[in-house]
Amino acid sequence: MTDQDALVRFDNVEKFFPVPKGFIAGLRSRGDGEAVRAVDDVSFEIKRGEVLGLAGESGSGKSTVGRLALRLLDPTAGTVYFDGVDLAILKSEEMRKTRSRMQVVFQDPLASLNPRMTIGQAVAHPAQIHMPELSTKQRREEVYEMFSAVGLDPPAYYYDKYPHQISGGQRQRVVMARGLITRPDLIVADEPIAMADVSVQALLLDLMMKLKDEFNLTYLFITHDLATTKYLCDRIAIMYLGKIVEIGTLREVFTNPEHPYTKALLSAVPVPDPRHRRTEPLPQGEIPNPINPPPGCHFHPRCAIAAKGICDVDVPKLLPWRDEEDHLISCHLRTGAHQDLDPERQNT
Amino acid sequence: MTDDIIYSIRDLDVEYDTRVGGVRAVDNLTLDIRKGEILGLVGESGCGKSTLGKAMMRTISTPGHIIGGELWFEGTDLMTLSEKQMSDVRGDKIGMVFQDPMTSLNPLMKISDHLTEAIRTHYPEVSEQAARERAIEVVKELGIRPERIDDYPHQFSGGMRQRIMIALVLALNGSLIIADEPTTALDVIVEAQFLDTLRDLREEFELTILLITHNIGVVAELADRVAVMYAGKIVEIADVDPLFLDTKHPYSRGLLSSVPNIDVDNQELYKMEGAPPNLIAPPAGCRFHPRCPYAVELCANEEPDLLATNGIEQQASCWIYSDREGRPTEDVS
């Protein structure tokens with residue numbers, strides 16, 4: 001059943017966060033309270049050596065997916081597999097060993113680094129925990145090697161610097177080096193370049209590509225910036241209100257986006273060319289509250305092609321687009337049972 | 001010609017005091033903003049673009065100071081006004097919109113109270129009722145349902161709060177909006193909606209907008225004219241088309257070609273060497289010369305002025321466009 005090539009697999013994963021209620025309201029209602037449906041029945045795989053982009057607007061649940069993949073959160077339902085193993089059944093010692101094979105890079109490198117540790121110590125720290133067999137000297141050599149790999153040259157110059165003494169782009173390189181020292185298989189990168197200036201972003205994207213080849217990495221690249229996914233991702237998943245609405249190879253999704261939300265999202269991306277004009281009308285309004293997402297397809301209240309009595313009632317499934325096994329879309333009118341109602345199909 | 005200019009910055013210097021010396025965040029900067037235009041001001045963090053926006057409102061706070069220069073707005077040099085006179089200009093004639101609208105809105109005040117208070121502060125003769133009617137009129141203009149006017153800021157989404165900031169300017173018939181990273185906290189679809197709103201309002205109310213941002217795509221989409229800032233100076237200024245399609249300054253070229261473009265296949269991103277200079281001790285000559293692929297000796301010794309390149313409408317501060325002996329050329333092997 002489990003694909004041997006899949007390093008990460010989500011099977012119908014749900015993550016609900018209960019909404020705290022006032023004391024009186026809690027006494028009155030009892031039983032089930034409201035919940036934020038951050039991740040709502042999500043299934044996907046990341047193959048070994050692959051870069052999967054996970055894109056969506058704030059509140060779409062993309063960061064929660066990243067945390068579930070690392071088991072920083074436990075799912076409410078469903079199973080998260082890492083290298084074929086259900087993460088939820090691992091005992092703490094086994095989980096600790098598995099963790100050295102998965103690392104995370106967050107948006108703000110300053111928040112990820114202890115201001116009272118030199119960056120050399122910061123990078124050596126995971127090696128101390130996960131590779132206790134190394135001598136102090138070996139560990140330092142290992143850190144130097146990681147510094148060189150991420151472009152902090154000469155390593156001895158940087159070893160004793162504190163995070164506030166280096167630039168933002170260099171700090172993100174330190175975080176990458178710290179992640180790589182345990183030789184992980186998976187890197188979850190949650191908006192890793194969002195805080196960097198454009199000229200630094202280009203350098204960091206380039207570095208991530210280089211490191212992927214050098215260390216045989218698999219990435220889950222979480223971002224709100226669709227334009228940057230092009231440089232890194234093999235496949236991309238688009239999330240909206242806790243659900244994946246479209247997933248496929250980057251080329252396929254970018255050249256033939258079929259879900260109405262994906263189309264609108266791609267068209268709204270600002271393009272650095274004054275001759276560019278948007279090709280799709282913008283959806284009305286903003287993402288609704290994830291506490292009470294709309295029934296049926298979560299996108300239907302903002303969707304230009306939504307069909308009454310269908311899209312507002314039934315939840316669509318991710319299904320292949322025109323027999324393309326690796327391009328899945330969850331839309332009643334595009335891949336579901338009601339394709340005859342698709343206005344675009346009727347026009348052609 | 002000068003009638004077209006709504007705001008004119010002349011030889012502006014802004015400095016921040018630090019323990020190790022003054023940081024010249026805006027250095028001898030001259031810029032004209034034309035009536036009715038959307039002028040994009042782009043640059044990377046620390047280039048001085050936000051400081052420039054604040055200086056235009058005279059809201060630089062210590063340790064920062066305006067060291068010198070003139071700020072001409074509607075025939076008056078704002079530098080000559082008293083603090084009291086200046087606060088009448090602020091919010092009335094010139095409005096400011098920031099990245100995070102929540103810091104500009106009082107969480108304990110209803111949206112309607114924000115608007116009526118703004119109107120009645122500047123126009124005390126207006127009745128409460130008339131101010132409220134005016135408030136309803138402007139929020140409608142911004143696509144917000146009038147019944148939501150009595151909600152509190154936290155009940156509004158990020159995009160709607162940003163619209164309220166614009167409503168505050170419109171309620172007072174302001175003519176110039178300084179928008180500092182107005183869409184940076186917004187998601188792409190909301191950002192695109194907000195940009196459309198700005199474009200429509202500019203037409204309808206003949207607004208002038210200074211759009212300060214690091215987002216090159218947003219500028220390409222909205223601006224009529226673009227100024228590129230580097231290390232406290234404007235290095236290039238031109239209409240949006242020539243600036244993007246026939247970029248002159250080596251820094252602008254590097255900046256624009258390091259921006260990912262979702263529409264271009266197999267785009268090679270430019271990787272700029274080095275980092276912006278420390279403004280306590282900026283490099284001599286052209287401030288970009290240590291990172292510039294074309295730099296020659298002249299660039300390290302003397303600082304270029306903004307020079308006409310494609311006629312007077314496109315200017316770049318680069319010796320390439322001068323007729324100086326020993327000037328750099330674009331041919332690099």
# chains A, B, ... in the order shown; residues from 1 in each chain; ligands from 1
>>> closest_atom_pairs(of="chain A", to="chain B", cutoff="7 Å", atoms="only C-alpha atoms", output="Markdown table")
| residue | atom | partner | partner_atom | distance |
| --- | --- | --- | --- | --- |
| A:Glu57 | CA | B:Asp187 | CA | 5.7 |
| A:Ser58 | CA | B:Asp187 | CA | 6.8 |
| A:Asp197 | CA | B:Glu44 | CA | 5.9 |
| A:Val198 | CA | B:Val259 | CA | 6.2 |
| A:Ser199 | CA | B:Ser258 | CA | 5.6 |
| A:Ala202 | CA | B:Ser258 | CA | 6.0 |
| A:Leu203 | CA | B:Lys271 | CA | 5.9 |
| A:Ala227 | CA | B:Ile262 | CA | 4.6 |
| A:Thr228 | CA | B:Pro260 | CA | 6.1 |
| A:Leu265 | CA | B:Ile189 | CA | 6.3 |
| A:Ala268 | CA | B:Ile189 | CA | 5.5 |
| A:Val269 | CA | B:Val188 | CA | 6.0 |
| A:Pro270 | CA | B:Gly217 | CA | 4.6 |
| A:Val271 | CA | B:Gly217 | CA | 4.6 |
| A:Pro272 | CA | B:Gly217 | CA | 4.0 |
| A:Asp273 | CA | B:Ala220 | CA | 5.6 |
| A:Pro274 | CA | B:Ala220 | CA | 4.6 |
| A:Leu282 | CA | B:Ile189 | CA | 6.9 |
| A:Glu286 | CA | B:Val190 | CA | 6.7 |
>>> select_by_dssp(residues="stretch 64-309 of chain A", states="strand (DSSP E)", output="ChimeraX atom specification")
/A:77-82,85-86,102-105,186-190,218-223,235-240,243-249
>>> residues_around(residues="A:Glu14", least_positions_apart="4", cutoff="9 Å", atoms="only C-alpha atoms", output="list in words")
Arg37, Ala38, Val39, Asp40, Asp41, Val42, Pro75, Thr76, Ala77, Gly78, Thr79 and Gly242 of chain A
>>> closest_residue(among="B:Asp4, B:Asp17, B:Asp11, B:Glu181", to="B:Leu279", atoms="only C-alpha atoms")
B:Asp17
>>> residues_around(residues="A:Asp326", least_positions_apart="2", cutoff="12 Å", atoms="only C-alpha atoms", output="PyMOL selection string")
chain A and resi 44-45+234-237+246-253+318-324+328-329
>>> atom_distance(atom1="atom CA of B:Asp100", atom2="atom CA of B:Arg161")
8.9 Å
>>> atom_distance(atom1="atom CA of B:Thr76", atom2="atom CA of B:Ile60")
19.2 Å
>>> closest_residue(among="A:Arg275, A:Ser60, A:Ser330, A:Leu52", to="A:His300", atoms="only C-alpha atoms")
A:Ser330
>>> atom_distance(atom1="atom CA of B:Gln155", atom2="atom CA of A:Pro293")
17.2 Å
>>> closest_residue(among="A:Ile193, A:Ala122, A:Leu110, A:Val245", to="A:Ser167", atoms="only C-alpha atoms")
A:Leu110
>>> select_by_dssp(residues="stretch 146-251 of chain B", states="helix (DSSP H, G or I)", output="PyMOL selection string")
chain B and resi 146-150+153-155+158-171+188-205+216-222+240-245+250-251
>>> residues_around(residues="B:Glu133", least_positions_apart="6", cutoff="12 Å", atoms="only C-alpha atoms", output="list in words")
Ser112, Asp113, Leu115, Thr116, Ile119, Val126, Ser127, Val139, Lys140, Pro146, Ile149 and Ala171 of chain B
>>> residues_around(residues="stretch 77-79 of chain B", least_positions_apart="6", cutoff="10 Å", atoms="only C-alpha atoms", output="PyMOL selection string")
chain B and resi 7-10+55-58+66+68-71+85-86+89
>>> write_last_selection(atoms="N, CA and C atoms", output="compact mmCIF listing (two decimals), in the first residue's frame")
# COMPACT_ATOMS: atom_id res chain seq x y z
N TYR B 7 4.25 68.15 -4.74
CA TYR B 7 5.16 68.10 -3.61
C TYR B 7 6.58 68.09 -4.17
N SER B 8 7.39 68.98 -3.65
CA SER B 8 8.75 69.06 -4.17
C SER B 8 9.75 68.97 -3.01
N ILE B 9 10.60 67.96 -3.06
CA ILE B 9 11.63 67.77 -2.03
C ILE B 9 12.92 68.32 -2.60
N ARG B 10 13.55 69.24 -1.85
CA ARG B 10 14.79 69.87 -2.33
C ARG B 10 15.93 69.60 -1.36
N ALA B 55 9.82 61.81 6.55
CA ALA B 55 10.35 63.17 6.50
C ALA B 55 9.38 64.09 5.76
N MET B 56 8.69 63.56 4.75
CA MET B 56 7.76 64.39 3.99
C MET B 56 6.60 64.86 4.86
N MET B 57 6.30 64.10 5.91
CA MET B 57 5.24 64.49 6.85
C MET B 57 5.84 65.16 8.09
N ARG B 58 7.15 65.27 8.10
CA ARG B 58 7.88 65.76 9.29
C ARG B 58 7.52 64.95 10.53
N ILE B 66 15.75 65.88 10.62
CA ILE B 66 15.94 66.45 9.29
C ILE B 66 17.03 67.49 9.45
N GLY B 68 18.59 69.19 6.88
CA GLY B 68 18.45 70.34 6.00
C GLY B 68 17.61 70.00 4.80
N GLY B 69 17.23 71.02 4.05
CA GLY B 69 16.45 70.80 2.85
C GLY B 69 15.11 71.50 2.93
N GLU B 70 14.39 71.48 1.81
CA GLU B 70 13.09 72.13 1.74
C GLU B 70 12.05 71.11 1.32
N LEU B 71 10.85 71.28 1.86
CA LEU B 71 9.73 70.39 1.53
C LEU B 71 8.57 71.25 1.05
N GLN B 85 0.93 74.21 12.98
CA GLN B 85 0.51 74.34 11.57
C GLN B 85 0.74 73.03 10.83
N MET B 86 1.82 72.37 11.17
CA MET B 86 2.17 71.12 10.50
C MET B 86 1.11 70.06 10.79
N VAL B 89 -1.72 70.14 8.45
CA VAL B 89 -1.44 69.58 7.12
C VAL B 89 -1.52 68.06 7.18
>>> residues_around(residues="B:Leu39", least_positions_apart="5", cutoff="10 Å", atoms="only C-alpha atoms", output="mmCIF file with C-alpha atoms, in the first residue's frame")
data_model
loop_
_atom_site.group_PDB
_atom_site.id
_atom_site.type_symbol
_atom_site.label_atom_id
_atom_site.label_comp_id
_atom_site.auth_asym_id
_atom_site.auth_seq_id
_atom_site.Cartn_x
_atom_site.Cartn_y
_atom_site.Cartn_z
ATOM 1 C CA ASP B 32 9.297 66.167 -7.517
ATOM 2 C CA ILE B 33 5.954 64.455 -7.193
ATOM 3 C CA ARG B 34 3.518 65.382 -9.932
ATOM 4 C CA ILE B 178 1.965 58.532 1.232
ATOM 5 C CA THR B 208 -1.638 61.732 -5.888
ATOM 6 C CA ILE B 209 -0.071 58.622 -4.385
ATOM 7 C CA LEU B 210 3.505 58.024 -3.307
ATOM 8 C CA LEU B 211 3.758 54.242 -3.146
ATOM 9 C CA ILE B 212 6.736 53.180 -1.049
ATOM 10 C CA VAL B 219 5.048 48.965 -8.542
ATOM 11 C CA LEU B 222 0.250 50.404 -10.233
ATOM 12 C CA ALA B 223 2.851 53.142 -10.680
ATOM 13 C CA ASP B 224 3.036 55.704 -13.478
ATOM 14 C CA ARG B 225 6.577 56.669 -12.600
ATOM 15 C CA VAL B 226 9.216 54.917 -10.512
ATOM 16 C CA ALA B 227 12.148 56.117 -8.415
ATOM 17 C CA ILE B 237 13.857 57.771 -11.972
ATOM 18 C CA ALA B 238 11.685 57.252 -15.039
ATOM 19 C CA ASP B 239 8.217 56.400 -16.289
ATOM 20 C CA VAL B 240 7.292 52.851 -15.419
#
